[in-house]
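Shown below: input-v8.csv, with CSV, C-alpha atoms and all ligand atoms.
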chain,number,residue,atom,x,y,z
A,164,MET,CA,32.9,-0.5,0.1
A,165,LYS,CA,32.2,0.4,-3.5
A,166,ARG,CA,32.2,4.2,-4.1
A,167,THR,CA,29.3,4.8,-6.4
A,168,ALA,CA,25.7,3.7,-6.1
A,169,VAL,CA,22.8,4.2,-8.5
A,170,TYR,CA,19.4,4.9,-7.0
A,171,PRO,CA,17.0,4.2,-9.9
A,172,GLY,CA,13.3,4.9,-10.0
A,173,SER,CA,10.4,6.7,-11.6
A,174,PHE,CA,10.3,9.5,-9.1
A,175,ASP,CA,6.9,10.7,-10.4
A,176,PRO,CA,7.2,12.8,-8.2
A,177,ILE,CA,10.0,12.6,-5.7
A,178,THR,CA,8.8,12.3,-2.1
A,179,PHE,CA,10.3,12.7,1.4
A,180,GLY,CA,10.6,8.9,1.3
A,181,HIS,CA,13.0,9.0,-1.7
A,182,LEU,CA,14.9,11.9,-0.1
A,183,ASP,CA,15.3,9.8,3.1
A,184,ILE,CA,16.8,6.9,1.1
A,185,ILE,CA,19.2,9.3,-0.8
A,186,LYS,CA,20.4,10.7,2.6
A,187,ARG,CA,21.0,7.2,3.9
A,188,ALA,CA,22.8,6.1,0.7
A,189,CYS,CA,25.1,9.2,1.0
A,190,VAL,CA,26.3,7.8,4.4
A,191,MET,CA,27.4,4.6,2.7
A,192,PHE,CA,28.7,5.8,-0.7
A,193,GLU,CA,30.9,8.5,-1.9
A,194,ARG,CA,28.7,9.2,-4.9
A,195,VAL,CA,25.0,8.5,-5.4
A,196,ILE,CA,23.5,8.8,-8.8
A,197,VAL,CA,19.7,9.3,-8.8
A,198,ALA,CA,18.7,7.7,-12.1
A,199,ILE,CA,15.3,8.6,-13.4
A,200,VAL,CA,13.9,6.0,-15.7
A,201,HIS,CA,12.4,7.1,-19.0
A,202,ASN,CA,10.0,4.5,-20.2
A,203,PRO,CA,8.1,5.7,-23.3
A,204,ASN,CA,5.6,2.9,-22.9
A,205,LYS,CA,4.6,4.0,-19.4
A,206,SER,CA,2.7,7.2,-18.9
A,207,THR,CA,3.9,9.4,-16.1
A,208,LEU,CA,2.4,12.6,-14.6
A,209,PHE,CA,5.7,14.5,-15.0
A,210,SER,CA,7.8,14.3,-18.2
A,211,LEU,CA,11.4,13.2,-18.0
A,212,ASN,CA,12.6,16.8,-18.2
A,213,GLU,CA,10.1,18.0,-15.5
A,214,ARG,CA,11.4,15.2,-13.2
A,215,LEU,CA,15.0,16.0,-13.9
A,216,ASP,CA,14.4,19.7,-13.1
A,217,MET,CA,12.3,18.9,-10.1
A,218,ILE,CA,14.8,16.6,-8.5
A,219,ARG,CA,17.8,18.8,-9.3
A,220,ASN,CA,16.0,21.7,-7.7
A,221,VAL,CA,15.1,19.7,-4.6
A,222,ILE,CA,18.6,18.2,-4.2
A,223,GLY,CA,20.3,21.6,-4.8
A,224,GLU,CA,24.1,21.9,-4.7
A,225,ASN,CA,25.3,18.6,-3.4
A,226,PRO,CA,28.6,17.3,-4.8
A,227,GLN,CA,27.8,13.8,-3.6
A,228,VAL,CA,24.6,13.5,-5.5
A,229,GLN,CA,24.2,13.4,-9.2
A,230,VAL,CA,20.9,13.3,-11.0
A,231,GLY,CA,20.6,11.6,-14.4
A,232,SER,CA,18.3,9.6,-16.5
A,233,PHE,CA,18.2,6.4,-18.5
A,234,GLU,CA,16.1,4.6,-21.1
A,235,GLY,CA,16.4,0.9,-21.5
A,236,LEU,CA,18.1,-1.5,-19.1
A,237,LEU,CA,19.3,-0.4,-15.7
A,238,VAL,CA,22.3,-2.7,-16.1
A,239,ASP,CA,23.5,-0.7,-19.2
A,240,PHE,CA,23.3,2.5,-17.1
A,241,LEU,CA,25.3,0.8,-14.4
A,242,MET,CA,28.0,-0.3,-16.8
A,243,GLN,CA,28.2,3.2,-18.3
A,244,ASN,CA,28.7,4.6,-14.8
A,245,ASN,CA,31.2,1.9,-13.8
A,246,THR,CA,29.3,0.6,-10.9
A,247,GLY,CA,27.4,-2.5,-10.0
A,248,VAL,CA,25.7,-1.2,-6.9
A,249,VAL,CA,22.0,-0.4,-6.9
A,250,VAL,CA,20.2,1.1,-4.0
A,251,ARG,CA,16.5,0.6,-3.5
A,252,GLY,CA,14.2,1.6,-0.6
A,253,LEU,CA,12.2,-1.2,1.1
A,254,ARG,CA,9.2,0.1,3.0
A,255,ALA,CA,7.3,-3.1,3.8
A,256,VAL,CA,7.2,-6.8,3.2
A,257,SER,CA,4.8,-6.1,0.3
A,258,ASP,CA,7.7,-4.5,-1.6
A,259,MET,CA,9.8,-7.6,-1.4
A,260,GLU,CA,8.4,-9.7,-4.2
A,261,TYR,CA,8.8,-7.0,-6.8
A,262,GLU,CA,12.2,-6.0,-5.5
A,263,PHE,CA,13.5,-9.6,-5.4
A,264,GLN,CA,12.4,-10.1,-9.0
A,265,MET,CA,14.2,-7.0,-10.2
A,266,ALA,CA,17.3,-7.7,-8.2
A,267,HIS,CA,17.6,-11.2,-9.5
A,268,ALA,CA,16.8,-10.2,-13.0
A,269,ASN,CA,19.5,-7.6,-13.0
A,270,ARG,CA,21.9,-10.1,-11.6
A,271,GLU,CA,21.1,-12.5,-14.4
A,272,LEU,CA,21.6,-9.8,-16.9
A,273,LEU,CA,24.9,-8.7,-15.4
A,274,LYS,CA,26.7,-10.7,-12.8
A,275,ASP,CA,28.4,-8.9,-9.8
A,276,ILE,CA,25.4,-6.6,-9.4
A,277,GLU,CA,24.5,-6.0,-5.8
A,278,THR,CA,21.2,-4.4,-4.8
A,279,ILE,CA,21.3,-2.8,-1.4
A,280,PHE,CA,18.0,-2.3,0.3
A,281,LEU,CA,17.6,0.6,2.7
A,282,MET,CA,14.8,1.1,5.0
A,283,PRO,CA,13.3,4.6,5.1
A,284,SER,CA,12.4,6.2,8.4
A,285,GLU,CA,9.3,4.7,9.9
A,286,GLU,CA,7.2,7.8,9.2
A,287,TYR,CA,7.6,7.2,5.5
A,288,THR,CA,6.8,3.5,5.3
A,289,TYR,CA,3.3,4.2,3.9
A,290,LEU,CA,4.5,6.9,1.5
A,291,SER,CA,4.6,6.5,-2.3
A,292,SER,CA,4.5,8.7,-5.3
A,293,SER,CA,1.0,7.3,-6.2
A,294,ILE,CA,-0.3,8.3,-2.8
A,295,VAL,CA,1.1,11.8,-3.1
A,296,LYS,CA,-0.4,12.2,-6.6
A,297,GLU,CA,-3.8,11.0,-5.4
A,298,ILE,CA,-3.8,13.5,-2.5
A,299,ALA,CA,-2.8,16.3,-4.8
A,300,ARG,CA,-5.4,15.3,-7.4
A,301,LEU,CA,-8.1,15.5,-4.8
A,302,GLY,CA,-6.9,18.9,-3.6
A,303,GLY,CA,-5.2,17.8,-0.4
A,304,ASP,CA,-2.1,19.3,1.1
A,305,THR,CA,1.1,17.4,0.2
A,306,LYS,CA,3.5,19.3,2.5
A,307,LYS,CA,4.0,16.4,4.9
A,308,PHE,CA,4.8,14.0,2.0
A,309,ALA,CA,7.0,16.0,-0.5
A,310,PRO,CA,9.0,19.2,-0.6
A,311,GLU,CA,7.0,22.5,-1.1
A,312,SER,CA,8.4,22.9,-4.6
A,313,VAL,CA,7.0,19.5,-5.6
A,314,GLY,CA,3.7,20.4,-4.0
A,315,ALA,CA,3.5,23.5,-6.2
A,316,LEU,CA,4.2,21.5,-9.3
A,317,LEU,CA,1.6,19.0,-8.4
A,318,LYS,CA,-1.0,21.8,-7.8
A,319,LYS,CA,-0.1,23.3,-11.2
A,320,LYS,CA,-0.6,19.9,-13.0
A,321,PHE,CA,-4.0,19.2,-11.4
A,322,LYS,CA,-5.2,22.7,-12.1
A,323,LYS,CA,-5.0,22.1,-15.8
A,401,LIG,O1,10.2,3.7,-8.9
A,401,LIG,P1,10.0,2.4,-9.6
A,401,LIG,O2,8.9,2.6,-10.7
A,401,LIG,O3,9.6,1.3,-8.7
A,401,LIG,O4,11.4,2.0,-10.4
A,401,LIG,C1,11.5,0.8,-11.2
A,401,LIG,C2,12.8,0.8,-11.9
A,401,LIG,C3,13.0,2.0,-12.7
A,401,LIG,C4,13.9,0.6,-10.9
A,401,LIG,C5,12.7,-0.4,-12.9
A,401,LIG,O5,11.5,-0.4,-13.6
A,401,LIG,C6,13.9,-0.5,-13.8
A,401,LIG,O6,15.0,-0.8,-13.4
A,401,LIG,N1,13.6,-0.3,-15.1
A,401,LIG,C7,14.6,-0.3,-16.2
A,401,LIG,C8,14.4,-1.5,-17.1
A,401,LIG,C9,15.1,-2.7,-16.7
A,401,LIG,O7,16.3,-2.7,-16.5
A,401,LIG,N2,14.4,-3.9,-16.5
A,401,LIG,C10,15.0,-5.1,-16.2
A,401,LIG,C11,15.2,-5.4,-14.7
A,401,LIG,S1,13.6,-5.5,-13.9
Could I get this structure in the form of structure tokens?
Amino acid sequence: MKRTAVYPGSFDPITFGHLDIIKRACVMFERVIVAIVHNPNKSTLFSLNERLDMIRNVIGENPQVQVGSFEGLLVDFLMQNNTGVVVRGLRAVSDMEYEFQMAHANRELLKDIETIFLMPSEEYTYLSSSIVKEIARLGGDTKKFAPESVGALLKKKFKK
């Protein structure tokens, strides 16, 4: 088994579903790099720095998990980190089309890339960052969906 895996995503914000995937990846890999994408053409609720701080804070001191960011192609980030393993969560069949497209595109860009799909716990199959943002925006409680610290940041954002 390869030792390092990269778990890329927008994480806008991180949810219990993402944390569940990170926990599962840690069982399979010695090192997991959570890679936050910075796409200047895509607007996000949280800036890159806010997401970096948020995720580092949620993960805490865990020598197995590293939090980083990348701009541009994921395959370049993989090469910089000497790994060809990507971890993605697969919640439902509806995720498949998009995930297949990305996995194949990445493999075309750089051969020997493997994308490993992990299934989150059943209780998180419906969960997404968009749903959490929507609930927070409408004043709902997000504590079942994301850590308290993330909930507090969401509250602050939508108060503005
Ligand atoms: O959490 P998301 O938004 O579903 O994550 C998507 C992500 C970041 C994995 C994807 O957009 C990505 O890898 N972006 C980097 C750009 C890239 O490499 N594109 C070519 C392969 S699709």
Using only C-alpha atoms and all ligand atoms, what are the residues with an atom within 9 Å of ligand LIG 401 (chain A), set out as a VMD selection string?
chain A and resid 170 to 175 198 to 202 233 to 240 251 261 to 262 264 to 270 272 292
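Near Ile218 of chain A, within 10 Å and counting all atoms listed in the file, sit Phe174, Pro176, Ile177, Thr178, Leu182, Val197, Ile199, Asn212, Glu213, Arg214, Ile222, Gly223, Gln229, Val230, Gly231, Ser312 and Val313 of chain A, not including residues fewer than 4 positions from it in the same chain.
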Kindly extract all protein, DNA and RNA residues lying within 9 Å of the coordinates (14.8, 8.0, 2.7) given in the file, considering all atoms listed in the file, and supply them as a count of residues only.
17
Given all atoms listed in the file as the basis, pick out the residue of A:Met259, A:Leu253, A:Glu311, A:Lys319 nearest to Leu290 of chain A.
A:Leu253
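If you look at atom CA of Val169 of chain A and atom CA of Ile196 of chain A, they are 4.7 Å away from each other.
The residue that comes closest to Val248 of chain A, out of A:Glu286, A:Glu260, A:Glu297, A:Glu277 and on the basis of all atoms listed in the file, is A:Glu277.
Of the listed residues A:Cys189, A:Val249, A:Met242, A:Ala255, the one whose atoms come nearest to Glu285 of chain A is A:Ala255, with distances taken using only C-alpha atoms.
Computed from the coordinates, the atom CA of Ser293 of chain A to atom CA of Leu208 of chain A distance equals 10.0 Å.
Here atom CA of Arg194 of chain A stands at a distance of 6.0 Å from atom CA of Val228 of chain A.
For the residues A:Ile279, A:Val195, A:Val190, A:Ala168, ranking by smallest atom-to-atom distance to Pro226 of chain A using all atoms listed in the file places A:Val195 first.
Counting only C-alpha atoms, the residue from A:Pro203, A:Gly302, A:Gly247, A:Pro310 that sits nearest to Lys322 of chain A is A:Gly302.
Close to (1.1, 15.8, -3.6), meaning no more than 8 Å away when counting only C-alpha atoms, sit the residues Ile294, Val295, Lys296, Glu297, Ile298, Ala299, Arg300, Gly303, Asp304, Thr305, Lys306, Phe308, Ala309, Val313, Gly314, Leu317 and Lys318 of chain A.
Comparing A:Glu224, A:Leu215, A:Phe209, A:Phe263 by their smallest distance to Phe321 of chain A, the closest is A:Phe209 (using only C-alpha atoms).
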Model the absent atoms of segment 293-315 of chain A so that N, CA and C atoms are present, and write the result as a CSV table (one decimal), keeping the file's coordinate frame.
chain,number,residue,atom,x,y,z
A,293,SER,N,2.5,7.5,-5.8
A,293,SER,CA,1.0,7.3,-6.2
A,293,SER,C,0.1,8.0,-5.1
A,294,ILE,N,0.5,7.7,-3.9
A,294,ILE,CA,-0.3,8.3,-2.8
A,294,ILE,C,-0.3,9.8,-2.8
A,295,VAL,N,0.9,10.4,-3.1
A,295,VAL,CA,1.1,11.8,-3.1
A,295,VAL,C,0.3,12.4,-4.3
A,296,LYS,N,0.4,11.7,-5.4
A,296,LYS,CA,-0.4,12.2,-6.6
A,296,LYS,C,-1.9,12.2,-6.3
A,297,GLU,N,-2.3,11.1,-5.7
A,297,GLU,CA,-3.8,11.0,-5.4
A,297,GLU,C,-4.2,12.1,-4.4
A,298,ILE,N,-3.4,12.4,-3.4
A,298,ILE,CA,-3.8,13.5,-2.5
A,298,ILE,C,-3.8,14.8,-3.2
A,299,ALA,N,-2.8,15.1,-4.0
A,299,ALA,CA,-2.8,16.3,-4.8
A,299,ALA,C,-4.0,16.4,-5.8
A,300,ARG,N,-4.3,15.3,-6.4
A,300,ARG,CA,-5.4,15.3,-7.4
A,300,ARG,C,-6.7,15.7,-6.7
A,301,LEU,N,-6.8,15.2,-5.5
A,301,LEU,CA,-8.1,15.5,-4.8
A,301,LEU,C,-8.0,16.8,-4.0
A,302,GLY,N,-7.0,17.6,-4.2
A,302,GLY,CA,-6.9,18.9,-3.6
A,302,GLY,C,-6.4,18.9,-2.2
A,303,GLY,N,-5.8,17.8,-1.7
A,303,GLY,CA,-5.2,17.8,-0.4
A,303,GLY,C,-3.8,18.4,-0.3
A,304,ASP,N,-3.4,18.7,0.9
A,304,ASP,CA,-2.1,19.3,1.1
A,304,ASP,C,-1.0,18.2,1.1
A,305,THR,N,0.1,18.4,0.3
A,305,THR,CA,1.1,17.4,0.2
A,305,THR,C,2.3,17.7,1.1
A,306,LYS,N,2.3,18.8,1.9
A,306,LYS,CA,3.5,19.3,2.5
A,306,LYS,C,4.2,18.3,3.5
A,307,LYS,N,3.4,17.4,4.0
A,307,LYS,CA,4.0,16.4,4.9
A,307,LYS,C,4.6,15.2,4.1
A,308,PHE,N,4.4,15.2,2.8
A,308,PHE,CA,4.8,14.0,2.0
A,308,PHE,C,5.9,14.3,1.0
A,309,ALA,N,6.0,15.6,0.5
A,309,ALA,CA,7.0,16.0,-0.5
A,309,ALA,C,7.4,17.5,-0.3
A,310,PRO,N,8.5,17.8,-0.8
A,310,PRO,CA,9.0,19.2,-0.6
A,310,PRO,C,7.9,20.2,-1.2
A,311,GLU,N,8.0,21.4,-0.7
A,311,GLU,CA,7.0,22.5,-1.1
A,311,GLU,C,7.0,22.7,-2.6
A,312,SER,N,8.3,22.7,-3.2
A,312,SER,CA,8.4,22.9,-4.6
A,312,SER,C,7.7,21.8,-5.5
A,313,VAL,N,7.7,20.6,-5.0
A,313,VAL,CA,7.0,19.5,-5.6
A,313,VAL,C,5.5,19.7,-5.5
A,314,GLY,N,5.1,20.1,-4.3
A,314,GLY,CA,3.7,20.4,-4.0
A,314,GLY,C,3.2,21.4,-5.0
A,315,ALA,N,4.0,22.5,-5.3
A,315,ALA,CA,3.5,23.5,-6.2
A,315,ALA,C,3.4,23.0,-7.6
